[in-house]
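Asks: I am sharing input_7.pdb, which consists of PDB, C-alpha atoms, pLDDT in the B column:
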MODEL        1
ATOM      1  CA  MET G   1      -9.232  60.273 -37.866  1.00 53.00           C
ATOM      2  CA  THR G   2      -6.858  62.172 -40.145  1.00 65.00           C
ATOM      3  CA  ASN G   3      -5.513  60.605 -43.306  1.00 75.00           C
ATOM      4  CA  PRO G   4      -2.416  58.376 -43.000  1.00 83.00           C
ATOM      5  CA  ALA G   5      -0.078  60.796 -44.777  1.00 83.00           C
ATOM      6  CA  ALA G   6      -0.924  63.681 -42.415  1.00 83.00           C
ATOM      7  CA  PHE G   7      -0.687  61.360 -39.419  1.00 85.00           C
ATOM      8  CA  ALA G   8       2.765  60.181 -40.518  1.00 88.00           C
ATOM      9  CA  ALA G   9       3.929  63.748 -41.164  1.00 87.00           C
ATOM     10  CA  THR G  10       2.946  64.867 -37.658  1.00 86.00           C
ATOM     11  CA  ALA G  11       4.560  61.807 -36.093  1.00 86.00           C
ATOM     12  CA  ALA G  12       7.742  62.478 -38.071  1.00 88.00           C
ATOM     13  CA  LEU G  13       8.009  65.945 -36.513  1.00 89.00           C
ATOM     14  CA  MET G  14       8.503  64.278 -33.120  1.00 89.00           C
ATOM     15  CA  SER G  15      10.806  61.525 -34.356  1.00 87.00           C
ATOM     16  CA  GLU G  16      14.116  63.443 -34.379  1.00 91.00           C
ATOM     17  CA  PRO G  17      15.785  63.432 -30.915  1.00 91.00           C
ATOM     18  CA  PRO G  18      16.602  67.188 -30.950  1.00 92.00           C
ATOM     19  CA  ARG G  19      12.977  68.063 -31.760  1.00 93.00           C
ATOM     20  CA  ALA G  20      11.725  65.591 -29.160  1.00 91.00           C
ATOM     21  CA  ALA G  21      13.976  67.232 -26.551  1.00 89.00           C
ATOM     22  CA  MET G  22      12.648  70.677 -27.460  1.00 92.00           C
ATOM     23  CA  LEU G  23       9.048  69.534 -27.203  1.00 92.00           C
ATOM     24  CA  GLN G  24       9.706  67.905 -23.833  1.00 87.00           C
ATOM     25  CA  ALA G  25      11.271  71.122 -22.564  1.00 87.00           C
ATOM     26  CA  LEU G  26       8.283  73.162 -23.742  1.00 89.00           C
ATOM     27  CA  LEU G  27       6.003  70.953 -21.645  1.00 85.00           C
ATOM     28  CA  SER G  28       7.198  73.102 -18.746  1.00 81.00           C
ATOM     29  CA  GLY G  29       4.680  75.688 -19.963  1.00 80.00           C
ATOM     30  CA  GLU G  30       7.446  78.297 -20.320  1.00 80.00           C
ATOM     31  CA  ALA G  31       8.127  80.277 -23.473  1.00 86.00           C
ATOM     32  CA  LEU G  32      11.744  79.605 -24.467  1.00 89.00           C
ATOM     33  CA  THR G  33      14.119  81.188 -26.953  1.00 91.00           C
ATOM     34  CA  ALA G  34      15.839  79.298 -29.735  1.00 92.00           C
ATOM     35  CA  GLY G  35      19.120  79.575 -27.805  1.00 91.00           C
ATOM     36  CA  GLU G  36      17.611  77.995 -24.684  1.00 89.00           C
ATOM     37  CA  LEU G  37      16.099  75.202 -26.736  1.00 92.00           C
ATOM     38  CA  ALA G  38      19.382  74.648 -28.580  1.00 92.00           C
ATOM     39  CA  ARG G  39      21.151  74.122 -25.242  1.00 89.00           C
ATOM     40  CA  VAL G  40      18.457  71.715 -24.075  1.00 86.00           C
ATOM     41  CA  ALA G  41      18.757  69.719 -27.295  1.00 89.00           C
ATOM     42  CA  GLY G  42      22.563  69.822 -27.291  1.00 89.00           C
ATOM     43  CA  ILE G  43      22.840  71.296 -30.777  1.00 92.00           C
ATOM     44  CA  GLY G  44      24.074  74.508 -32.388  1.00 93.00           C
ATOM     45  CA  ALA G  45      21.990  77.566 -33.170  1.00 90.00           C
ATOM     46  CA  PRO G  46      21.606  76.958 -36.950  1.00 92.00           C
ATOM     47  CA  ALA G  47      20.401  73.394 -36.405  1.00 94.00           C
ATOM     48  CA  ALA G  48      18.035  74.534 -33.659  1.00 92.00           C
ATOM     49  CA  SER G  49      16.531  77.182 -35.941  1.00 92.00           C
ATOM     50  CA  ALA G  50      15.956  74.588 -38.657  1.00 94.00           C
ATOM     51  CA  HIS G  51      14.279  72.177 -36.263  1.00 94.00           C
ATOM     52  CA  LEU G  52      12.093  74.922 -34.790  1.00 94.00           C
ATOM     53  CA  ALA G  53      11.044  76.027 -38.255  1.00 93.00           C
ATOM     54  CA  ARG G  54       9.821  72.477 -38.915  1.00 94.00           C
ATOM     55  CA  LEU G  55       7.882  72.397 -35.641  1.00 94.00           C
ATOM     56  CA  VAL G  56       6.283  75.780 -36.304  1.00 94.00           C
ATOM     57  CA  GLU G  57       5.392  74.861 -39.889  1.00 92.00           C
ATOM     58  CA  GLY G  58       3.880  71.604 -38.636  1.00 92.00           C
ATOM     59  CA  GLY G  59       1.669  73.383 -36.123  1.00 93.00           C
ATOM     60  CA  LEU G  60       3.234  71.917 -32.970  1.00 94.00           C
ATOM     61  CA  VAL G  61       5.006  75.098 -31.813  1.00 94.00           C
ATOM     62  CA  ALA G  62       3.951  78.751 -31.915  1.00 93.00           C
ATOM     63  CA  VAL G  63       6.315  81.742 -32.017  1.00 92.00           C
ATOM     64  CA  HIS G  64       5.760  84.956 -30.059  1.00 89.00           C
ATOM     65  CA  PRO G  65       8.083  87.845 -31.052  1.00 87.00           C
ATOM     66  CA  GLN G  66       8.913  90.277 -28.280  1.00 83.00           C
ATOM     67  CA  GLY G  67      11.417  92.998 -29.022  1.00 80.00           C
ATOM     68  CA  ARG G  68      14.560  91.418 -30.395  1.00 82.00           C
ATOM     69  CA  HIS G  69      13.627  87.983 -29.070  1.00 81.00           C
ATOM     70  CA  ARG G  70      11.412  85.231 -30.407  1.00 89.00           C
ATOM     71  CA  TYR G  71       9.824  82.992 -27.804  1.00 91.00           C
ATOM     72  CA  HIS G  72       8.533  79.512 -28.536  1.00 94.00           C
ATOM     73  CA  ARG G  73       5.635  77.707 -26.869  1.00 91.00           C
ATOM     74  CA  LEU G  74       3.634  74.593 -27.590  1.00 91.00           C
ATOM     75  CA  ALA G  75       0.874  75.536 -29.990  1.00 89.00           C
ATOM     76  CA  SER G  76      -2.012  74.197 -27.915  1.00 86.00           C
ATOM     77  CA  GLU G  77      -3.151  72.102 -24.993  1.00 82.00           C
ATOM     78  CA  GLU G  78      -3.887  69.305 -27.474  1.00 84.00           C
ATOM     79  CA  VAL G  79      -0.227  69.234 -28.538  1.00 88.00           C
ATOM     80  CA  ALA G  80       0.830  69.050 -24.888  1.00 85.00           C
ATOM     81  CA  ALA G  81      -1.600  66.182 -24.220  1.00 81.00           C
ATOM     82  CA  ALA G  82      -0.299  64.268 -27.249  1.00 84.00           C
ATOM     83  CA  ILE G  83       3.313  64.604 -26.083  1.00 85.00           C
ATOM     84  CA  GLU G  84       2.409  63.512 -22.544  1.00 79.00           C
ATOM     85  CA  THR G  85       0.488  60.521 -23.904  1.00 78.00           C
ATOM     86  CA  LEU G  86       3.367  59.573 -26.186  1.00 82.00           C
ATOM     87  CA  GLY G  87       5.675  59.712 -23.174  1.00 75.00           C
ATOM     88  CA  GLY G  88       3.430  57.199 -21.432  1.00 70.00           C
ATOM     89  CA  LEU G  89       3.507  54.912 -24.452  1.00 73.00           C
ATOM     90  CA  ALA G  90       7.294  55.157 -24.689  1.00 70.00           C
ATOM     91  CA  ALA G  91       7.593  54.211 -21.013  1.00 65.00           C
ATOM     92  CA  THR G  92       5.750  50.935 -21.691  1.00 66.00           C
ATOM     93  CA  VAL G  93       7.946  49.799 -24.593  1.00 62.00           C
ATOM     94  CA  GLY G  94      10.473  47.101 -23.753  1.00 54.00           C
ATOM     95  CA  PRO G  95      11.183  45.593 -20.330  1.00 54.00           C
ATOM     96  CA  PRO G  96      10.263  47.734 -17.318  1.00 52.00           C
ATOM     97  CA  PRO G  97      13.225  49.643 -15.840  1.00 50.00           C
ATOM     98  CA  ARG G  98      14.489  48.575 -12.449  1.00 48.00           C
ATOM     99  CA  ARG G  99      14.383  52.163 -11.300  1.00 50.00           C
ATOM    100  CA  TRP G 100      12.423  55.202 -12.481  1.00 49.00           C
ATOM    101  CA  ALA G 101      14.605  56.503 -15.271  1.00 51.00           C
ATOM    102  CA  HIS G 102      14.148  60.232 -14.657  1.00 52.00           C
ATOM    103  CA  GLY G 103      14.613  60.390 -10.898  1.00 57.00           C
ATOM    104  CA  GLU G 104      12.124  60.409  -8.072  1.00 63.00           C
ATOM    105  CA  ALA G 105      11.958  64.224  -8.023  1.00 62.00           C
ATOM    106  CA  PHE G 106      10.519  64.202 -11.536  1.00 70.00           C
ATOM    107  CA  ARG G 107       8.046  61.488 -10.646  1.00 81.00           C
ATOM    108  CA  SER G 108       6.961  63.213  -7.430  1.00 87.00           C
ATOM    109  CA  ALA G 109       5.953  66.615  -8.798  1.00 91.00           C
ATOM    110  CA  ARG G 110       6.210  68.247 -12.198  1.00 90.00           C
ATOM    111  CA  LEU G 111       4.348  70.394 -14.677  1.00 89.00           C
ATOM    112  CA  CYS G 112       2.541  68.959 -17.674  1.00 87.00           C
ATOM    113  CA  TYR G 113       2.269  72.105 -19.803  1.00 85.00           C
ATOM    114  CA  ASP G 114       0.135  74.305 -17.522  1.00 88.00           C
ATOM    115  CA  HIS G 115      -1.106  71.826 -14.896  1.00 91.00           C
ATOM    116  CA  LEU G 116       0.282  69.650 -12.100  1.00 94.00           C
ATOM    117  CA  ALA G 117       1.477  66.145 -12.871  1.00 91.00           C
ATOM    118  CA  GLY G 118       3.305  63.259 -11.254  1.00 90.00           C
ATOM    119  CA  ARG G 119       2.288  61.946  -7.839  1.00 93.00           C
ATOM    120  CA  LEU G 120       1.300  65.451  -6.785  1.00 95.00           C
ATOM    121  CA  GLY G 121      -1.025  65.974  -9.747  1.00 95.00           C
ATOM    122  CA  VAL G 122      -2.613  62.547  -9.333  1.00 94.00           C
ATOM    123  CA  ALA G 123      -3.103  63.182  -5.582  1.00 96.00           C
ATOM    124  CA  VAL G 124      -4.747  66.563  -6.224  1.00 96.00           C
ATOM    125  CA  HIS G 125      -7.128  64.925  -8.720  1.00 96.00           C
ATOM    126  CA  ALA G 126      -7.949  62.193  -6.198  1.00 95.00           C
ATOM    127  CA  GLY G 127      -8.517  64.811  -3.481  1.00 95.00           C
ATOM    128  CA  LEU G 128     -10.900  66.818  -5.642  1.00 96.00           C
ATOM    129  CA  THR G 129     -12.986  63.771  -6.524  1.00 96.00           C
ATOM    130  CA  GLY G 130     -12.763  62.196  -3.074  1.00 94.00           C
ATOM    131  CA  ARG G 131     -14.087  65.314  -1.365  1.00 95.00           C
ATOM    132  CA  GLY G 132     -16.798  65.730  -3.950  1.00 95.00           C
ATOM    133  CA  TRP G 133     -15.443  69.055  -5.171  1.00 97.00           C
ATOM    134  CA  ILE G 134     -15.719  67.981  -8.807  1.00 96.00           C
ATOM    135  CA  ALA G 135     -18.241  65.617 -10.386  1.00 96.00           C
ATOM    136  CA  PRO G 136     -18.453  63.963 -13.816  1.00 95.00           C
ATOM    137  CA  ALA G 137     -19.868  66.175 -16.541  1.00 93.00           C
ATOM    138  CA  PRO G 138     -20.041  65.968 -20.351  1.00 91.00           C
ATOM    139  CA  GLY G 139     -16.463  66.139 -21.631  1.00 88.00           C
ATOM    140  CA  GLY G 140     -14.823  66.054 -18.212  1.00 94.00           C
ATOM    141  CA  TRP G 141     -15.655  67.440 -14.789  1.00 96.00           C
ATOM    142  CA  ALA G 142     -17.723  70.232 -13.235  1.00 96.00           C
ATOM    143  CA  ALA G 143     -17.310  71.933  -9.867  1.00 97.00           C
ATOM    144  CA  THR G 144     -19.947  71.003  -7.290  1.00 97.00           C
ATOM    145  CA  PRO G 145     -21.369  73.572  -4.853  1.00 96.00           C
ATOM    146  CA  ALA G 146     -18.953  72.274  -2.200  1.00 96.00           C
ATOM    147  CA  GLY G 147     -16.164  72.537  -4.755  1.00 95.00           C
ATOM    148  CA  GLU G 148     -17.059  76.110  -5.629  1.00 95.00           C
ATOM    149  CA  THR G 149     -16.708  77.049  -1.957  1.00 96.00           C
ATOM    150  CA  GLY G 150     -13.573  75.026  -1.294  1.00 95.00           C
ATOM    151  CA  LEU G 151     -11.709  76.047  -4.429  1.00 96.00           C
ATOM    152  CA  ALA G 152     -12.538  79.722  -3.904  1.00 95.00           C
ATOM    153  CA  ALA G 153     -11.248  79.467  -0.322  1.00 94.00           C
ATOM    154  CA  LEU G 154      -7.942  78.145  -1.671  1.00 93.00           C
ATOM    155  CA  GLY G 155      -7.672  81.150  -4.006  1.00 94.00           C
ATOM    156  CA  ILE G 156      -8.455  79.321  -7.254  1.00 95.00           C
ATOM    157  CA  ASP G 157      -9.745  81.688  -9.953  1.00 95.00           C
ATOM    158  CA  LEU G 158     -12.824  79.797 -11.127  1.00 95.00           C
ATOM    159  CA  ALA G 159     -13.898  82.569 -13.494  1.00 95.00           C
ATOM    160  CA  ALA G 160     -10.566  82.289 -15.332  1.00 95.00           C
ATOM    161  CA  ALA G 161     -10.860  78.488 -15.352  1.00 95.00           C
ATOM    162  CA  ARG G 162     -14.241  78.729 -17.056  1.00 95.00           C
ATOM    163  CA  GLN G 163     -12.805  80.836 -19.853  1.00 93.00           C
ATOM    164  CA  ALA G 164     -10.765  77.846 -21.059  1.00 90.00           C
ATOM    165  CA  ARG G 165     -12.106  75.689 -23.875  1.00 89.00           C
ATOM    166  CA  ARG G 166     -12.549  72.870 -21.336  1.00 91.00           C
ATOM    167  CA  PHE G 167     -13.183  73.626 -17.677  1.00 95.00           C
ATOM    168  CA  ALA G 168     -11.728  70.380 -16.300  1.00 95.00           C
ATOM    169  CA  CYS G 169     -10.701  67.120 -17.935  1.00 92.00           C
ATOM    170  CA  ASP G 170      -8.455  64.135 -17.349  1.00 92.00           C
ATOM    171  CA  CYS G 171      -4.897  63.874 -18.654  1.00 87.00           C
ATOM    172  CA  MET G 172      -3.273  60.458 -18.300  1.00 84.00           C
ATOM    173  CA  ASP G 173      -0.099  60.759 -16.237  1.00 85.00           C
ATOM    174  CA  TRP G 174       2.711  58.870 -17.964  1.00 78.00           C
ATOM    175  CA  SER G 175       4.660  58.017 -14.802  1.00 80.00           C
ATOM    176  CA  GLU G 176       1.723  57.115 -12.545  1.00 83.00           C
ATOM    177  CA  ARG G 177      -0.613  55.627 -15.194  1.00 80.00           C
ATOM    178  CA  ARG G 178      -3.501  57.443 -13.525  1.00 86.00           C
ATOM    179  CA  ALA G 179      -5.239  60.683 -14.416  1.00 89.00           C
ATOM    180  CA  HIS G 180      -4.221  64.140 -13.279  1.00 92.00           C
ATOM    181  CA  LEU G 181      -6.371  67.213 -13.906  1.00 94.00           C
ATOM    182  CA  ALA G 182      -6.053  69.367 -17.025  1.00 92.00           C
ATOM    183  CA  GLY G 183      -8.244  72.060 -18.553  1.00 93.00           C
ATOM    184  CA  GLY G 184      -8.878  75.496 -17.129  1.00 95.00           C
ATOM    185  CA  LEU G 185      -9.243  74.253 -13.565  1.00 97.00           C
ATOM    186  CA  GLY G 186      -6.012  72.286 -13.727  1.00 96.00           C
ATOM    187  CA  ARG G 187      -4.241  75.367 -15.067  1.00 94.00           C
ATOM    188  CA  GLU G 188      -5.613  77.645 -12.352  1.00 96.00           C
ATOM    189  CA  ILE G 189      -4.745  75.193  -9.564  1.00 97.00           C
ATOM    190  CA  ALA G 190      -1.147  75.021 -10.797  1.00 95.00           C
ATOM    191  CA  ALA G 191      -0.999  78.818 -11.178  1.00 95.00           C
ATOM    192  CA  CYS G 192      -2.319  79.293  -7.636  1.00 96.00           C
ATOM    193  CA  CYS G 193       0.216  76.818  -6.218  1.00 96.00           C
ATOM    194  CA  LEU G 194       3.081  78.620  -7.944  1.00 94.00           C
ATOM    195  CA  ARG G 195       1.789  82.102  -7.063  1.00 94.00           C
ATOM    196  CA  ARG G 196       1.358  81.250  -3.395  1.00 95.00           C
ATOM    197  CA  HIS G 197       4.682  79.370  -3.282  1.00 94.00           C
ATOM    198  CA  TRP G 198       3.043  76.095  -2.359  1.00 96.00           C
ATOM    199  CA  VAL G 199       5.218  74.592  -5.094  1.00 94.00           C
ATOM    200  CA  SER G 200       8.347  75.985  -6.677  1.00 90.00           C
ATOM    201  CA  ARG G 201      10.455  75.193  -9.679  1.00 83.00           C
ATOM    202  CA  LEU G 202      13.749  73.549  -8.813  1.00 71.00           C
ATOM    203  CA  PRO G 203      16.525  76.156  -9.328  1.00 62.00           C
ATOM    204  CA  GLY G 204      19.637  75.967 -11.442  1.00 50.00           C
ATOM    205  CA  GLU G 205      18.452  73.327 -13.894  1.00 51.00           C
ATOM    206  CA  GLY G 206      17.596  73.094 -17.534  1.00 50.00           C
ATOM    207  CA  GLN G 207      20.955  72.921 -19.316  1.00 55.00           C
ATOM    208  CA  GLY G 208      20.984  69.839 -21.523  1.00 58.00           C
ATOM    209  CA  ASP G 209      18.053  68.134 -19.767  1.00 63.00           C
ATOM    210  CA  PRO G 210      14.726  68.586 -21.556  1.00 63.00           C
ATOM    211  CA  LEU G 211      12.798  67.432 -18.483  1.00 68.00           C
ATOM    212  CA  ALA G 212      14.533  69.630 -15.900  1.00 71.00           C
ATOM    213  CA  ARG G 213      12.376  72.725 -16.392  1.00 73.00           C
ATOM    214  CA  ARG G 214       9.262  70.736 -15.520  1.00 80.00           C
ATOM    215  CA  ARG G 215      10.387  69.597 -12.069  1.00 85.00           C
ATOM    216  CA  LEU G 216       8.673  71.021  -8.997  1.00 90.00           C
ATOM    217  CA  THR G 217       9.155  70.760  -5.260  1.00 90.00           C
ATOM    218  CA  VAL G 218       6.382  71.135  -2.702  1.00 93.00           C
ATOM    219  CA  THR G 219       7.149  73.710  -0.007  1.00 94.00           C
ATOM    220  CA  PRO G 220       6.296  73.100   3.683  1.00 94.00           C
ATOM    221  CA  GLU G 221       3.432  75.611   3.419  1.00 95.00           C
ATOM    222  CA  GLY G 222       2.197  73.882   0.284  1.00 94.00           C
ATOM    223  CA  ALA G 223       2.297  70.490   1.965  1.00 94.00           C
ATOM    224  CA  ARG G 224       0.268  71.881   4.863  1.00 94.00           C
ATOM    225  CA  ARG G 225      -2.351  73.690   2.761  1.00 94.00           C
ATOM    226  CA  LEU G 226      -2.815  70.930   0.187  1.00 94.00           C
ATOM    227  CA  GLY G 227      -2.919  68.331   2.954  1.00 94.00           C
ATOM    228  CA  GLU G 228      -5.573  70.210   4.904  1.00 93.00           C
ATOM    229  CA  ALA G 229      -7.707  71.031   1.867  1.00 92.00           C
ATOM    230  CA  LEU G 230      -7.403  67.912  -0.269  1.00 93.00           C
ATOM    231  CA  GLY G 231      -5.681  65.271   1.831  1.00 90.00           C
ATOM    232  CA  VAL G 232      -2.574  65.412  -0.364  1.00 90.00           C
ATOM    233  CA  ALA G 233       0.408  63.730   1.282  1.00 84.00           C
ATOM    234  CA  ALA G 234       3.295  65.647  -0.291  1.00 66.00           C
TER     235      ALA G 234
ENDMDL
END
Represent the structure of the file as structure tokens.
Replies:
Amino acid sequence: MTNPAAFAATAALMSEPPRAAMLQALLSGEALTAGELARVAGIGAPAASAHLARLVEGGLVAVHPQGRHRYHRLASEEVAAAIETLGGLAATVGPPPRRWAHGEAFRSARLCYDHLAGRLGVAVHAGLTGRGWIAPAPGGWAATPAGETGLAALGIDLAAARQARRFACDCMDWSERRAHLAGGLGREIAACCLRRHWVSRLPGEGQGDPLARRRLTVTPEGARRLGEALGVAA
């Protein structure tokens, strides 16, 4: 455990609503410019630059210059997991809402950094374990022989998944209160679903809503393939 002063300093970086909105938007896994993040947070460019400088200095956000632009991403998978976990904690504070506050589309399917979340992500995790495609292993999960065959047939790049620091691990889903799959395998499953148009990002969103960029919709082909392979009812 880190010392209390460092813990408080990191927590303080997330405590300002504009910075919290930026971090939530970056959970989409996209690299965003300061202008895009300013619009999401509802603030001007100078204020956005100041907030981003704090996040970069604090190690929560990384900057990638490209030509005249500077793109911002979450600094690591650990940062993404901390934000997702904090979202779950925030959802438990106070009386439970009568309705899901962020809309059923957000609860049904979304990205959590680079992997699937919401009901879709939880269902994929349940399908993988239920069919015996992944089994418990030190630090998370390992692919079984049946999983190797089934995942390869779906087009999942297992070699790329194994290059990640963790091959497969649980990430607690803050809307469903159950685990979805993170790590290299979670990333490659999400990448395959997007590449093959089994899921797609919802168009025309993102202005002023830090959660909008994370929303997904399952296509008819995706519902068919994920249903056949993993029993996912999308």
Asks: Applying 10 Å and only C-alpha atoms, which residues near G:Arg119 remain after dropping the ones on its own chain fewer than 2 positions away? List them as number ranges by chain.
Replies: G: 104-110, 116-117, 121-125, 173, 175-176, 178, 180, 232-234
Asks: As a check of understanding, name the residues that the PyMOL selection byres ((chain G and resi 24) around 12) selects in the supplied structure, as a VMD selection string.
Replies: chain G and resid 14 17 to 23 25 to 30 32 37 40 to 41 60 to 61 73 to 74 79 to 87 111 to 113 206 208 to 215
Asks: Starting from the PyMOL selection byres ((chain G and resi 1-10) around 10), expand the selection into actual residues of this file and give them as a list of chain:residue names.
Replies: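 Expected selection for the PyMOL selection byres ((chain G and resi 1-10) around 10) here is G:Ala11, G:Ala12, G:Leu13, G:Met14, G:Ser15, G:Leu55, G:Gly58, G:Gly59, G:Leu60.
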Asks: Run through the PyMOL selection byres ((chain G and resi 63) around 12) on the given coordinates and return the selected residues as JSON, numbers by chain.
Replies: {"G": [31, 32, 33, 34, 49, 52, 53, 55, 56, 57, 59, 60, 61, 62, 64, 65, 66, 69, 70, 71, 72, 73, 74, 75, 76]}
Asks: Using the file's own x, y and z axes, what box holds all listed atoms of stretch 62-65 of chain G with 8 Å on each side, keeping edges along x, y and z, and what are its centre and edge lengths in Å to one decimal, as lines of an AutoDock Vina configuration file?
Replies:
center_x = 6.0
center_y = 83.3
center_z = -31.0
size_x = 20.1
size_y = 25.1
size_z = 18.0
Asks: Could you check which of G:Gly183, G:Arg54, G:Ala190, G:Ala229 is closest to G:Thr149, using only C-alpha atoms?
Replies: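 Of all the options, G:Ala229 lies closest to G:Thr149.
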Asks: For atom CA of G:Arg162 and atom CA of G:Thr219, quote the distance in Å rounded to one decimal.
Replies: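 For atom CA of G:Arg162 relative to atom CA of G:Thr219, the distance reads 27.8 Å.
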Asks: So that I can see what lies close to G:Arg195, please list as a ChimeraX atom specification the residues with an atom at most 12 Å from it, counting all atoms listed in the file and leaving out residues fewer than 3 positions away in the same chain.
Replies: /G:154-157,188-192,198-201,222
Asks: Would you list the residues near (-17.2, 69.4, -14.0) (no more than 12 Å away, in the coordinates of the file, using only C-alpha atoms) as a ChimeraX atom specification?
Replies: /G:128-129,132-145,147-148,158,161-162,166-170,181-186
Asks: One decimal, in Å: what's the spacing between atom CA of G:Ala164 and atom CA of G:Leu202?
Replies: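 Separation between atom CA of G:Ala164 and atom CA of G:Leu202: 27.7 Å.
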Asks: Enter the distance from atom CA of G:Arg131 to atom CA of G:Ala146, in Å, rounded to one decimal.
Replies: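 It comes out at 8.5 Å.
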